[in-house]
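K.L.:
This is the content of target_20.cif (mmCIF, C-alpha atoms and all ligand atoms):
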```
data_model
loop_
_atom_site.label_atom_id
_atom_site.label_comp_id
_atom_site.auth_asym_id
_atom_site.auth_seq_id
_atom_site.Cartn_x
_atom_site.Cartn_y
_atom_site.Cartn_z
CA MET A 1187 21.62 1.23 -47.96
CA LEU A 1188 18.20 2.44 -46.71
CA ARG A 1189 15.18 0.18 -46.49
CA ASN A 1190 11.70 1.58 -46.80
CA LYS A 1191 9.10 -1.16 -46.27
CA ASN A 1192 9.12 -2.91 -49.67
CA LYS A 1193 11.79 -0.96 -51.48
CA THR A 1194 15.54 -0.88 -51.07
CA PHE A 1195 17.30 2.30 -52.23
CA SER A 1196 20.92 2.60 -53.07
CA LEU A 1197 22.36 6.05 -52.36
CA THR A 1198 24.68 5.85 -55.35
CA THR A 1199 21.84 5.41 -57.89
CA MET A 1200 19.81 8.35 -56.57
CA SER A 1201 19.70 11.98 -57.67
CA LYS A 1202 21.51 14.60 -55.60
CA GLY A 1203 18.17 16.04 -54.35
CA GLY A 1204 16.94 12.59 -53.32
CA ARG A 1205 20.19 11.87 -51.46
CA SER A 1206 20.05 15.10 -49.54
CA ALA A 1207 16.37 14.49 -48.67
CA ILE A 1208 17.32 11.10 -47.27
CA ALA A 1209 20.27 12.54 -45.38
CA ARG A 1210 17.93 15.17 -43.92
CA SER A 1211 15.39 12.55 -42.97
CA ARG A 1212 18.15 10.47 -41.32
CA SER A 1213 19.30 13.46 -39.38
CA ILE A 1214 15.74 14.19 -38.25
CA ASP A 1215 15.29 10.55 -37.24
CA GLN A 1216 18.51 10.73 -35.29
CA GLN A 1217 17.41 13.93 -33.58
CA LEU A 1218 14.06 12.38 -32.74
CA ASP A 1219 15.77 9.32 -31.32
CA GLU A 1220 18.05 11.54 -29.26
CA GLU A 1221 15.09 13.61 -28.11
CA ARG A 1222 13.14 10.46 -27.23
CA GLY A 1223 16.19 9.14 -25.38
CA ARG A 1224 16.60 12.42 -23.51
CA ARG A 1225 12.94 12.46 -22.57
CA GLU A 1226 13.11 8.90 -21.37
CA ARG A 1227 16.03 9.83 -19.15
CA GLU A 1228 15.01 13.34 -18.09
CA VAL A 1229 11.82 14.25 -16.31
CA GLN A 1230 10.67 17.82 -16.00
CA LEU A 1231 8.52 18.59 -12.98
CA LEU A 1232 6.83 21.88 -12.24
CA ILE A 1233 6.42 22.86 -8.58
CA LEU A 1234 3.40 25.08 -7.99
CA GLY A 1235 1.60 26.56 -5.00
CA PRO A 1236 1.37 29.87 -3.15
CA PRO A 1237 4.24 31.20 -1.01
CA GLY A 1238 4.82 29.62 2.39
CA VAL A 1239 3.15 26.26 1.73
CA GLY A 1240 6.33 24.15 1.90
CA LYS A 1241 7.68 23.91 -1.66
CA SER A 1242 11.28 24.75 -0.71
CA THR A 1243 11.07 22.46 2.31
CA PHE A 1244 9.95 19.63 0.02
CA LEU A 1245 12.92 20.33 -2.28
CA LYS A 1246 15.23 20.18 0.74
CA GLN A 1247 13.80 16.74 1.53
CA VAL A 1248 14.52 15.65 -2.04
CA ARG A 1249 18.08 16.95 -1.65
CA LEU A 1250 18.42 15.10 1.65
CA HIS A 1251 17.10 11.76 0.42
CA HIS A 1252 18.23 11.86 -3.21
CA GLY A 1253 20.97 14.47 -3.34
CA ASP A 1254 24.16 15.44 -1.50
CA GLN A 1255 22.53 15.27 1.96
CA PHE A 1256 23.83 18.73 2.90
CA PRO A 1257 27.53 18.30 3.66
CA PRO A 1258 28.81 20.56 6.53
CA GLU A 1259 30.06 23.35 4.23
CA GLU A 1260 26.60 23.46 2.59
CA ARG A 1261 24.88 23.58 5.98
CA ARG A 1262 26.94 26.62 6.95
CA LYS A 1263 25.43 28.49 4.01
CA TYR A 1264 22.12 28.42 5.89
CA HIS A 1265 23.47 30.11 9.02
CA ASP A 1266 22.60 33.65 7.96
CA GLN A 1267 19.03 32.64 7.22
CA ILE A 1268 18.78 30.91 10.60
CA MET A 1269 20.18 33.96 12.40
CA GLN A 1270 17.73 36.14 10.53
CA ASN A 1271 14.89 33.87 11.68
CA VAL A 1272 16.11 34.08 15.30
CA ALA A 1273 16.40 37.90 15.10
CA THR A 1274 12.90 38.14 13.60
CA GLY A 1275 11.46 35.98 16.40
CA LEU A 1276 13.16 38.12 19.07
CA VAL A 1277 11.96 41.40 17.57
CA GLN A 1278 8.45 39.99 17.23
CA LEU A 1279 8.48 39.09 20.94
CA MET A 1280 9.78 42.60 21.79
CA GLU A 1281 6.76 44.03 19.96
CA HIS A 1282 4.45 41.77 21.98
CA MET A 1283 6.21 42.83 25.20
CA GLU A 1284 5.47 46.43 24.31
CA ARG A 1285 1.78 45.62 23.72
CA MET A 1286 1.62 43.74 27.01
CA GLY A 1287 3.34 46.63 28.85
CA LEU A 1288 6.30 44.43 29.83
CA LYS A 1289 9.68 46.02 30.55
CA PHE A 1290 13.12 44.45 30.36
CA ASP A 1291 14.74 43.63 33.67
CA SER A 1292 17.44 46.31 33.54
CA PRO A 1293 17.90 49.67 31.77
CA ASP A 1294 20.95 48.18 30.02
CA THR A 1295 18.85 45.39 28.46
CA GLU A 1296 16.15 47.93 27.58
CA ARG A 1297 18.76 50.00 25.70
CA LEU A 1298 20.14 46.89 24.07
CA SER A 1299 16.66 45.93 22.84
CA ASP A 1300 16.10 49.41 21.30
CA ASP A 1301 19.41 49.17 19.55
CA PHE A 1302 18.71 45.60 18.37
CA ARG A 1303 15.34 46.59 16.90
CA LYS A 1304 16.90 49.48 15.01
CA LYS A 1305 19.66 47.34 13.59
CA HIS A 1306 17.51 44.33 12.81
CA PRO A 1307 14.04 45.46 11.78
CA ARG A 1308 11.67 42.62 10.99
CA VAL A 1309 11.93 41.71 7.34
CA SER A 1310 8.46 41.46 5.90
CA PHE A 1311 8.84 38.61 3.43
CA VAL A 1312 5.22 38.95 2.43
CA ALA A 1313 5.75 42.61 1.55
CA LEU A 1314 8.91 41.74 -0.37
CA ILE A 1315 7.20 39.01 -2.36
CA LYS A 1316 4.24 41.29 -3.03
CA LYS A 1317 6.48 44.05 -4.28
CA PHE A 1318 8.34 41.57 -6.39
CA LYS A 1319 5.08 40.33 -7.93
CA GLU A 1320 3.80 43.82 -8.66
CA ALA A 1321 7.03 44.64 -10.45
CA ASP A 1322 6.73 41.36 -12.31
CA ASP A 1323 3.29 42.19 -13.61
CA GLU A 1324 4.81 45.10 -15.45
CA ALA A 1325 8.21 43.78 -16.36
CA GLU A 1326 9.29 40.65 -18.17
CA GLU A 1327 12.17 40.16 -15.79
CA ILE A 1328 11.58 37.41 -13.30
CA CYS A 1329 13.32 38.88 -10.27
CA PRO A 1330 13.42 42.66 -10.35
CA ALA A 1331 16.75 44.12 -9.39
CA THR A 1332 15.15 46.45 -6.83
CA THR A 1333 13.75 43.59 -4.79
CA LYS A 1334 16.95 41.60 -5.00
CA ALA A 1335 18.93 44.66 -3.92
CA GLU A 1336 16.56 45.31 -1.03
CA LEU A 1337 16.81 41.78 0.23
CA THR A 1338 20.57 41.77 -0.10
CA LYS A 1339 20.80 45.08 1.78
CA ARG A 1340 18.68 43.75 4.63
CA LEU A 1341 20.79 40.65 4.83
CA SER A 1342 24.11 42.41 4.75
CA SER A 1343 22.92 44.73 7.53
CA LEU A 1344 22.37 41.61 9.57
CA ASP A 1345 25.73 40.04 8.88
CA VAL A 1346 25.38 37.96 11.98
CA TYR A 1347 26.94 34.64 11.66
CA GLN A 1348 30.17 35.31 13.43
CA PRO A 1349 30.18 33.31 16.65
CA GLU A 1350 32.45 35.95 18.21
CA SER A 1351 30.21 38.80 16.98
CA PRO A 1352 28.47 40.85 19.72
CA ILE A 1353 25.05 40.10 18.24
CA VAL A 1354 25.28 36.52 19.43
CA ASP A 1355 25.79 37.77 23.02
CA HIS A 1356 23.00 40.28 22.53
CA MET A 1357 20.62 37.55 21.45
CA HIS A 1358 21.53 35.52 24.54
CA THR A 1359 21.00 38.51 26.84
CA LEU A 1360 17.67 39.49 25.33
CA TRP A 1361 16.39 35.93 25.31
CA ALA A 1362 17.44 35.33 28.95
CA ASP A 1363 15.50 38.36 30.22
CA PRO A 1364 12.64 37.25 32.57
CA SER A 1365 10.03 39.47 30.85
CA MET A 1366 11.03 38.11 27.46
CA GLN A 1367 10.68 34.57 28.83
CA TYR A 1368 7.30 35.43 30.34
CA CYS A 1369 6.15 36.90 27.03
CA PHE A 1370 7.29 33.73 25.21
CA SER A 1371 5.39 31.57 27.72
CA ARG A 1372 2.20 33.51 26.80
CA ARG A 1373 2.66 32.99 23.04
CA LEU A 1374 -0.38 30.76 22.59
CA LYS A 1375 -2.55 33.58 23.94
CA PHE A 1376 -1.40 36.14 21.34
CA ASP A 1377 -4.48 37.37 19.48
CA THR A 1378 -2.62 38.78 16.52
CA ASP A 1379 0.81 38.37 14.98
CA LYS A 1380 1.20 34.83 16.29
CA LEU A 1381 4.67 33.29 16.35
CA THR A 1382 5.23 30.87 13.51
CA GLN A 1383 6.30 27.34 14.37
CA SER A 1384 9.64 28.15 12.80
CA SER A 1385 10.24 31.22 15.06
CA GLU A 1386 9.19 29.18 18.06
CA TYR A 1387 11.58 26.39 17.13
CA PHE A 1388 14.57 28.68 16.55
CA LEU A 1389 13.98 30.67 19.75
CA GLN A 1390 13.89 27.44 21.73
CA HIS A 1391 17.24 26.49 20.20
CA ILE A 1392 19.03 29.85 20.59
CA GLY A 1393 21.64 28.42 22.97
CA ARG A 1394 22.73 25.73 20.52
CA ILE A 1395 22.52 27.99 17.48
CA CYS A 1396 24.65 30.71 19.05
CA SER A 1397 27.37 28.31 20.20
CA ALA A 1398 30.84 28.69 18.66
CA ASP A 1399 30.89 25.28 16.95
CA TYR A 1400 27.33 25.41 15.63
CA VAL A 1401 26.60 23.56 12.41
CA ALA A 1402 22.97 23.59 11.28
CA SER A 1403 21.21 20.26 11.74
CA ILE A 1404 18.90 18.82 9.09
CA GLN A 1405 15.93 19.67 11.29
CA ASP A 1406 17.15 23.30 11.57
CA ILE A 1407 17.36 23.50 7.78
CA MET A 1408 13.80 22.18 7.41
CA TYR A 1409 12.47 24.82 9.80
CA ILE A 1410 14.02 27.81 8.01
CA CYS A 1411 11.52 30.37 6.83
CA TRP A 1412 13.00 32.11 3.83
CA PRO A 1413 11.24 33.33 0.70
CA THR A 1414 12.16 32.02 -2.72
CA LEU A 1415 12.44 34.92 -5.14
CA GLY A 1416 12.51 34.17 -8.82
CA ILE A 1417 12.39 30.91 -10.67
CA GLN A 1418 14.72 28.20 -9.40
CA GLU A 1419 15.67 24.95 -11.01
CA HIS A 1420 16.90 21.95 -9.06
CA THR A 1421 18.11 18.72 -10.59
CA PHE A 1422 18.31 15.34 -8.91
CA ARG A 1423 19.27 11.95 -10.18
CA VAL A 1424 17.37 8.95 -8.91
CA ASP A 1425 18.39 5.62 -10.47
CA GLN A 1426 18.67 6.25 -14.24
CA LEU A 1427 16.47 9.34 -14.37
CA LEU A 1428 17.37 13.00 -14.10
CA TYR A 1429 14.60 15.01 -12.44
CA ARG A 1430 14.52 18.67 -13.36
CA MET A 1431 12.32 20.41 -10.81
CA VAL A 1432 11.32 23.98 -11.49
CA ASP A 1433 10.06 26.03 -8.55
CA VAL A 1434 8.34 29.14 -9.82
CA ALA A 1435 8.02 30.45 -6.25
CA GLY A 1436 4.33 31.20 -6.12
CA GLN A 1437 4.36 33.34 -9.26
CA ARG A 1438 0.63 33.31 -9.59
CA SER A 1439 -0.32 36.70 -10.94
CA MET A 1440 1.69 36.34 -14.12
CA ARG A 1441 1.02 32.65 -14.77
CA LYS A 1442 -0.43 33.32 -18.20
CA LYS A 1443 2.96 34.69 -19.21
CA TRP A 1444 4.94 31.55 -18.51
CA ILE A 1445 2.73 28.50 -18.16
CA HIS A 1446 3.19 27.58 -21.84
CA PHE A 1447 6.92 27.06 -21.17
CA PHE A 1448 5.93 23.98 -19.21
CA GLU A 1449 3.92 22.10 -21.81
CA GLU A 1450 6.55 19.36 -21.66
CA ALA A 1451 6.34 18.96 -17.89
CA VAL A 1452 5.66 15.35 -17.00
CA ALA A 1453 3.93 16.30 -13.77
CA VAL A 1454 2.97 19.29 -11.70
CA LEU A 1455 3.63 18.96 -8.00
CA PHE A 1456 1.01 21.27 -6.55
CA PHE A 1457 1.40 22.35 -2.92
CA VAL A 1458 -1.30 23.52 -0.58
CA SER A 1459 -1.15 24.33 3.12
CA LEU A 1460 -3.89 22.51 5.03
CA ALA A 1461 -3.20 24.90 7.92
CA SER A 1462 -4.38 27.82 5.80
CA TYR A 1463 -8.04 26.76 6.14
CA ASP A 1464 -8.69 29.48 8.72
CA GLU A 1465 -6.37 32.12 7.24
CA PRO A 1466 -7.24 35.05 5.00
CA LEU A 1467 -5.19 35.67 1.91
CA GLU A 1468 -2.42 38.22 2.60
CA GLU A 1469 -3.16 40.28 -0.49
CA ASP A 1470 -6.97 40.19 -0.14
CA THR A 1471 -8.24 39.53 3.37
CA SER A 1472 -11.79 38.92 2.16
CA VAL A 1473 -10.64 35.68 0.52
CA ASN A 1474 -9.97 32.46 2.44
CA SER A 1475 -6.48 31.17 1.71
CA LEU A 1476 -7.35 27.47 1.23
CA GLN A 1477 -10.34 28.37 -0.95
CA ASP A 1478 -7.98 30.48 -3.03
CA SER A 1479 -5.59 27.53 -3.41
CA LEU A 1480 -8.53 25.36 -4.46
CA GLN A 1481 -9.49 27.84 -7.14
CA ALA A 1482 -5.89 28.14 -8.36
CA PHE A 1483 -5.61 24.35 -8.48
CA ASN A 1484 -8.83 23.97 -10.50
CA GLU A 1485 -7.68 26.65 -12.88
CA VAL A 1486 -4.19 25.32 -13.50
CA SER A 1487 -5.20 21.66 -13.71
CA HIS A 1488 -7.57 22.62 -16.55
CA SER A 1489 -4.99 24.71 -18.39
CA HIS A 1490 -4.87 23.49 -21.98
CA PHE A 1491 -1.08 23.95 -21.95
CA LEU A 1492 -0.89 21.21 -19.32
CA ASN A 1493 -3.40 18.78 -20.77
CA LYS A 1494 -0.72 16.06 -21.08
CA THR A 1495 0.68 16.77 -17.64
CA GLU A 1496 -0.34 14.75 -14.60
CA PHE A 1497 -0.91 16.38 -11.22
CA ILE A 1498 0.34 15.29 -7.83
CA LEU A 1499 -1.23 17.25 -5.02
CA PHE A 1500 0.54 17.72 -1.70
CA LEU A 1501 -1.77 18.72 1.13
CA ASN A 1502 1.00 19.89 3.40
CA LYS A 1503 1.25 21.02 7.04
CA LYS A 1504 -1.06 18.31 8.29
CA ASP A 1505 0.60 18.64 11.72
CA LEU A 1506 -0.59 22.25 11.99
CA LEU A 1507 -4.05 21.31 10.70
CA ALA A 1508 -4.40 18.78 13.53
CA GLN A 1509 -3.42 21.46 16.06
CA LYS A 1510 -5.80 24.06 14.69
CA LEU A 1511 -8.80 21.70 14.46
CA LYS A 1512 -8.76 21.48 18.26
CA THR A 1513 -10.08 25.03 18.41
CA THR A 1514 -11.29 26.04 14.94
CA PRO A 1515 -13.76 23.89 12.97
CA LEU A 1516 -13.21 23.06 9.31
CA SER A 1517 -16.54 24.73 8.47
CA THR A 1518 -14.67 28.06 8.82
CA CYS A 1519 -13.41 27.31 5.32
CA PHE A 1520 -16.05 24.88 4.01
CA PRO A 1521 -19.43 25.92 5.45
CA SER A 1522 -21.05 22.78 4.02
CA TYR A 1523 -18.76 20.48 6.03
CA SER A 1524 -20.81 18.89 8.77
CA GLY A 1525 -18.49 16.01 9.74
CA ASN A 1526 -16.38 15.72 12.88
CA GLN A 1527 -13.11 17.56 13.54
CA ASN A 1528 -10.98 14.44 13.37
CA PRO A 1529 -7.93 15.36 11.20
CA ASP A 1530 -8.30 12.26 9.00
CA SER A 1531 -11.97 12.98 8.25
CA CYS A 1532 -11.18 16.63 7.52
CA ILE A 1533 -8.27 15.71 5.24
CA ARG A 1534 -10.50 13.23 3.36
CA TYR A 1535 -13.04 15.98 2.81
CA ILE A 1536 -10.44 18.53 1.66
CA LYS A 1537 -8.89 15.96 -0.71
CA GLU A 1538 -12.33 15.39 -2.21
CA GLN A 1539 -12.79 19.14 -2.77
CA PHE A 1540 -9.53 19.26 -4.71
CA THR A 1541 -9.97 16.13 -6.77
CA GLN A 1542 -13.70 16.13 -7.58
CA ASN A 1543 -13.39 18.56 -10.50
CA LYS A 1544 -10.31 17.00 -12.09
CA PRO A 1545 -10.16 16.84 -15.88
CA SER A 1546 -11.50 13.45 -16.96
CA GLN A 1547 -8.35 12.38 -18.85
CA LYS A 1548 -6.09 12.93 -15.83
CA GLN A 1549 -5.23 10.70 -12.94
CA MET A 1550 -5.06 12.76 -9.79
CA TYR A 1551 -2.80 11.75 -6.93
CA ALA A 1552 -3.15 13.47 -3.57
CA HIS A 1553 -0.98 13.07 -0.48
CA ALA A 1554 -1.45 14.66 2.92
CA CYS A 1555 2.00 15.36 4.34
CA CYS A 1556 4.25 17.19 6.75
CA ALA A 1557 7.25 18.47 4.79
CA ILE A 1558 9.42 19.04 7.88
CA ASP A 1559 9.06 15.42 9.00
CA VAL A 1560 12.21 13.68 7.72
CA PRO A 1561 11.30 9.96 8.10
CA PHE A 1562 7.75 10.52 6.84
CA MET A 1563 9.01 12.38 3.77
CA LYS A 1564 11.56 9.65 3.02
CA ASP A 1565 8.73 7.11 2.59
CA LEU A 1566 6.49 9.54 0.74
CA LEU A 1567 9.28 10.47 -1.69
CA SER A 1568 9.85 6.88 -2.61
CA THR A 1569 6.11 6.48 -3.40
CA VAL A 1570 6.13 9.73 -5.40
CA VAL A 1571 9.27 8.77 -7.36
CA ASP A 1572 7.65 5.42 -8.32
CA ARG A 1573 4.56 7.26 -9.44
CA ILE A 1574 6.54 9.71 -11.56
CA VAL A 1575 8.48 6.86 -13.19
CA ASP A 1576 5.13 5.28 -14.14
CA ILE A 1577 3.73 8.54 -15.49
CA ASN A 1578 6.90 9.14 -17.51
CA LEU A 1579 6.84 5.63 -18.93
CA ARG A 1580 3.22 5.97 -20.03
CA ARG A 1581 4.01 9.31 -21.59
CA THR A 1582 7.05 8.17 -23.56
CA LYS A 1583 5.15 5.09 -24.79
CA ALA A 1584 2.37 7.36 -26.06
CA MET A 1585 4.85 9.52 -28.01
N1 LIG B 1601 4.73 22.85 10.84
C1 LIG B 1601 5.06 22.73 9.55
N2 LIG B 1601 5.82 23.68 8.97
C2 LIG B 1601 6.15 23.51 7.68
C3 LIG B 1601 5.73 22.39 6.93
N3 LIG B 1601 6.22 22.52 5.67
C4 LIG B 1601 6.92 23.67 5.64
N4 LIG B 1601 6.88 24.27 6.85
C5 LIG B 1601 7.48 25.56 7.23
O1 LIG B 1601 6.80 26.58 6.51
C6 LIG B 1601 7.70 27.62 6.19
C7 LIG B 1601 7.61 27.95 4.70
O2 LIG B 1601 8.05 26.85 3.96
P1 LIG B 1601 8.76 26.98 2.53
O3 LIG B 1601 9.17 25.61 2.13
O4 LIG B 1601 9.80 28.02 2.55
O5 LIG B 1601 7.51 27.48 1.65
P2 LIG B 1601 7.51 27.90 0.10
O6 LIG B 1601 7.35 29.37 0.08
O7 LIG B 1601 6.29 27.21 -0.46
O8 LIG B 1601 8.78 27.45 -0.53
C8 LIG B 1601 9.09 27.16 6.64
O9 LIG B 1601 9.39 27.78 7.87
C9 LIG B 1601 8.94 25.67 6.82
O10 LIG B 1601 9.75 25.18 7.87
C10 LIG B 1601 4.91 21.40 7.57
O11 LIG B 1601 4.46 20.40 7.00
N5 LIG B 1601 4.61 21.63 8.89
MG MG B 1602 10.19 28.62 -1.50
#
```
Turn the structure described in the file into structure tokens.
Ligand SMILES: Nc1nc2c(ncn2[C@@H]2O[C@H](COP(=O)(O)OP(=O)(O)O)[C@@H](O)[C@H]2O)c(=O)[nH]1
Ligand SMILES: [Mg+2]
P.N.:
Amino acid sequence: MLRNKNKTFSLTTMSKGGRSAIARSRSIDQQLDEERGRREREVQLLILGPPGVGKSTFLKQVRLHHGDQFPPEERRKYHDQIMQNVATGLVQLMEHMERMGLKFDSPDTERLSDDFRKKHPRVSFVALIKKFKEADDEAEEICPATTKAELTKRLSSLDVYQPESPIVDHMHTLWADPSMQYCFSRRLKFDTDKLTQSSEYFLQHIGRICSADYVASIQDIMYICWPTLGIQEHTFRVDQLLYRMVDVAGQRSMRKKWIHFFEEAVAVLFFVSLASYDEPLEEDTSVNSLQDSLQAFNEVSHSHFLNKTEFILFLNKKDLLAQKLKTTPLSTCFPSYSGNQNPDSCIRYIKEQFTQNKPSQKQMYAHACCAIDVPFMKDLLSTVVDRIVDINLRRTKAM
């Protein structure tokens, strides 16, 4: 028996066509209920932002605080990436030694360094990502086989994580050399090709990393610098909700091709590096990197495909911003900024630049953060999860 406001229909007294229409309508209702139920339980989040701003690090924090917490066998999977980061840092220092006219202490170490540089050339992640994007502009495929193959080749040539492998000894020997140590001590004075915080961290921990019983710590995992190629999806369950987070890995140039796939996204988590305020864009050095992020943010937050999607902005790398402000004023990026160089004042100003042009129907949430800081991120994640639950609730009610 079906009830429709005032009337009661009996299936047996209806025509065949009427019965099948009702059956169809029931099935549609059921599908809609299921869909509504699924949406209430599943939250799709889109992670956006240029490469290197901390998106993967954020996802690692989610995994740590709301996922499997990286059991030991999972941590071992990061060892190759860590070794690659150590090798890159060493080779970068060798290049600086050359520029500074520094020689290794013995001819044996000199030979070893030549050999090491040949076997482990620096992998230019920026070049790889660029190549990958160019190929993407022409092809539909998200991760071109050529780039994947190139990356795999580079990695297999490294093949380092064998504690008994000679490379571990070689790293020790090269790192212990007095000229290498002197060069490292001068790192803050490098004019170009500065060491990243991640290289600095891994070089300072070479002894521990190269030990036979090494298992990557959570902090090691957060410091890894490794490019994300292609679209990646990560799911996490917090309380009753399944969060489906899609990291499109800084796929900016072809956004028009895929943004419509994310119409259903409940929120965009948009990442920006505060530390990029004095950096030029890799692909166009006439453009300031933070200004470019601001433009990308304005553009995507006004996309009509995302007009039902809320935005949560993460102004990341606030630790590096604080360091840089000691020597470089914020006006480098925002000439109209005339305030002081206190990090909090500068962050307030940057936040304002990002949120002042928001679409009127959207709430805009902005958080300054440091994605490698484990306790800080634990608290921030709990705030963000609460916020997403609220957004999702409002959205399902409005359906
Ligand atoms: N100092 C500092 N480094 C960070 C922070 N967030 C991420 N990183 C580092 O920045 C590098 C790039 O981060 P990643 O998450 O891979 O960037 P993605 O390309 O946006 O996924 C890694 O070496 C991270 O350890 C931060 O808040 N402060
Ligand atoms: Mg990434």
K.L.:
Find the residue from A:Trp1361, A:Phe1448, A:Phe1500, A:Phe1483 that sits nearest to ligand LIG 1601 (chain B); use only C-alpha atoms and all ligand atoms when measuring.
P.N.:
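When distances to ligand LIG 1601 (chain B) are compared using only C-alpha atoms and all ligand atoms, the smallest one comes from A:Phe1500.
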K.L.:
What residues of the protein or nucleic acid chains come within 9 Å of ligand LIG 1601 (chain B) when you use all atoms listed in the file? Reply as a VMD selection string.
P.N.:
chain A and resid 1234 to 1246 1382 to 1385 1405 to 1414 1433 1435 to 1436 1457 to 1461 1501 to 1507 1555 to 1559
K.L.:
Kindly provide, as a PyMOL selection string, the polymer residues lying within 10 Å of (1.0, 16.8, -18.7), counting all atoms listed in the file and using the coordinates exactly as they appear in the file.
P.N.:
chain A and resi 1231+1448-1454+1487+1489-1497+1548+1577-1578+1581
K.L.:
Select, from A:Ile1417, A:Ile1498, A:Ala1508, A:Leu1467, the residue with the minimum atom-to-atom distance to ligand MG 1602 (chain B), counting all atoms listed in the file.
P.N.:
A:Ile1417
K.L.:
Skip Arg1423 in chain A itself and residues of its chain fewer than 6 positions away, then list as a PyMOL selection string all residues within 10 Å of it, counting all atoms listed in the file.
P.N.:
chain A and resi 1227-1229+1249+1252-1253+1429-1430
K.L.:
Which residues, written as a list in words, have at least one atom at most 10 Å from Lys1512 in chain A, with all atoms listed in the file counted and residues fewer than 5 positions away on the same chain left out?
P.N.:
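Contacts, with the query itself left out: Leu1507, Gln1527, Asn1528 and Pro1529 of chain A.
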K.L.:
Fewer than 6 positions away in the same chain doesn't count, so skip those; otherwise give me all residues within 8 Å of Leu1276 in chain A, counting all atoms listed in the file, as a JSON list (two decimals) with C-alpha atoms, keeping the file's coordinate frame.
P.N.:
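Result file is selection.json:
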```json
[["chain", "number", "residue", "atom", "x", "y", "z"],
["A", 1357, "MET", "CA", 20.62, 37.55, 21.45],
["A", 1360, "LEU", "CA", 17.67, 39.49, 25.33],
["A", 1361, "TRP", "CA", 16.39, 35.93, 25.31],
["A", 1389, "LEU", "CA", 13.98, 30.67, 19.75]]
```
K.L.:
Just how far from CA of Leu1516 in chain A is CA of Gln1477 in chain A, in Å to one decimal?
P.N.:
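CA of Leu1516 in chain A lies 11.9 Å from CA of Gln1477 in chain A.
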K.L.:
Could I get range 1523-1527 of chain A from the block written as a compact mmCIF listing (two decimals), in the first residue's frame, with all heavy atoms?
P.N.:
```
# COMPACT_ATOMS: atom_id res chain seq x y z
N TYR A 1523 52.35 46.77 2.15
CA TYR A 1523 52.40 46.45 3.59
C TYR A 1523 53.37 47.39 4.30
O TYR A 1523 54.56 47.44 3.95
CB TYR A 1523 52.82 44.99 3.80
CG TYR A 1523 52.89 44.62 5.27
CD1 TYR A 1523 51.72 44.46 6.01
CD2 TYR A 1523 54.12 44.48 5.92
CE1 TYR A 1523 51.77 44.15 7.36
CE2 TYR A 1523 54.18 44.17 7.28
CZ TYR A 1523 53.00 44.01 7.99
OH TYR A 1523 53.05 43.71 9.33
N SER A 1524 52.85 48.12 5.29
CA SER A 1524 53.75 49.06 5.97
C SER A 1524 53.85 48.74 7.46
O SER A 1524 54.39 49.51 8.24
CB SER A 1524 53.24 50.49 5.76
OG SER A 1524 51.89 50.54 6.22
N GLY A 1525 53.28 47.59 7.86
CA GLY A 1525 53.31 47.21 9.28
C GLY A 1525 54.68 46.70 9.70
O GLY A 1525 55.64 46.71 8.92
N ASN A 1526 54.75 46.17 10.94
CA ASN A 1526 56.04 45.66 11.42
C ASN A 1526 56.28 44.24 10.91
O ASN A 1526 55.43 43.64 10.25
CB ASN A 1526 56.10 45.73 12.95
CG ASN A 1526 55.02 44.87 13.57
OD1 ASN A 1526 54.71 43.79 13.06
ND2 ASN A 1526 54.41 45.34 14.66
N GLN A 1527 57.46 43.70 11.24
CA GLN A 1527 57.83 42.37 10.71
C GLN A 1527 57.54 41.27 11.73
O GLN A 1527 58.10 40.17 11.63
CB GLN A 1527 59.32 42.34 10.31
CG GLN A 1527 59.72 43.41 9.30
CD GLN A 1527 58.83 43.41 8.05
OE1 GLN A 1527 58.58 42.37 7.46
NE2 GLN A 1527 58.35 44.58 7.65
```
